[in-house]
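To start, the structure under review is shown below, and the notes come after it.
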Amino acid sequence: MRHLKRLIRKLIGTPKFIGEYGEKLTERELRWTISFDDNGKILKNLYVPCSEKETREIDLLCITSKGLLVVESKNYSGFIFGNEKNKNWVTTLYAGKDWLGKKETEKRHFYNPIWQNSGHIKALKHYLNKDIQTISIIVFSERCELKDIVVSSKDVFVCKRDELPEITQEIWDSYPDVFKKEQIDDIYNCLSYLTEQGKEIKKEHILNIERKLNDVEKCPICGGKLVLRTAKQGQNIGHQFWGCSNFPKCRYTKSFKEE
C-alpha cells in the first residue's frame, strides 16, 4: 500500500501531469462559462501547421458565436510581472532564507505569452485562410499572483483561472455575434482532426523547436547543443528550459520561449 501511495505521489508530481491537469481545469471553466452559447464548441491541443514541417500547439480553442477564443494555459507559481510590449516576462519565487534569516527570491524569465499566442493565432488564420474574429486569452493558475501585467491591445485578456468566468462574461456582454451555427460547425469540422495527432507529430513539434534554436545558438560556455528540458522538481517543476547537452559537466540553462 505504501509503495502504491508513493507511486501515485510520484505520478501526480510529474510536469506532464501538472500541465495536463491545469489544462483540464481551464477546459472545465471554459465549458461552464460558455454554456450559455448553445452552439459553442471546444477543441484542445491543436497542432496547427504553420509551414511544411512546423506546427503551433494551441492549448484550448473555443469556437463561439463571438469568434474564436484562443487560450494559452500557464501553470506558473509565484508573482508574475509582464508587459505586452516586452519580449520576456518574469516570475518571482520564494527561494528560502539567507544565513541572516532574510527571505530570498529567485527570478525566472519566460517568453511573453501574448506574443506566443499571437503566433498561434496567425497560424490558425493562415490555416483557415480567413481573417476572422479571434480573442486571445492567457490563463494562469491560481497558484500565482498577477502583480504588474500591462496589456493595451484590443482582443487580448490575461487572467487567473478563477477569473475566467468574469472575462468570458465581459466578452459576451461587449462583443457582437459574428458566427452562426452553420459557421461554427464548419470551423469545428475543419479543425477537429488537428487534435487527433499521434505521438510522432507531437514529438516532431518539440524537435522542430529544438532545431530552430540549435541552428543559430550553441551553449556559450562549452559550445554544446542546447536541448529542451522540463524541470522535474523544486519550485519550477513543470517549467521548460534550454539546457546544455553536456550536463552534468556543464550546467548552463536558458529560459524557454516558443515564438
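As shown in the C-alpha cells, the chain order sets the letters A, B, ...; within each chain, residues go from 1, and ligands are also counted from 1 in the order they appear.
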
Residues at most 12 Å from segment 131-134 of chain A, counting only C-alpha atoms, excluding those fewer than 5 positions away in the same chain, as a PyMOL selection string? chain A and resi 61-71+117-118+120-126+154-157+171+175-179+183-184+187

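The spacing separating atom CA of Gly78 of chain A from atom CA of Leu93 of chain A amounts to 4.8 Å.
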
Just how far from atom CA of Thr55 of chain A is atom CA of Arg161 of chain A, in Å to one decimal? 26.1 Å

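Distances from A:Lys130, A:Ile80, A:Ile221, A:Glu106 to Lys249 of chain A were compared using only C-alpha atoms, and the smallest one belongs to A:Ile221.
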
Mind checking DSSP for segment 133-210 of chain A and telling me the strand (DSSP E) residues as number ranges by chain? A: 134-140, 144-150, 156-160

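Take atom CA of Glu27 of chain A and atom CA of Ser73 of chain A: the distance between them is 9.6 Å.
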
For Asn112 of chain A, which of A:Leu191, A:Val227, A:Leu60, A:Val158 is the closest residue, counting only C-alpha atoms? A:Val158
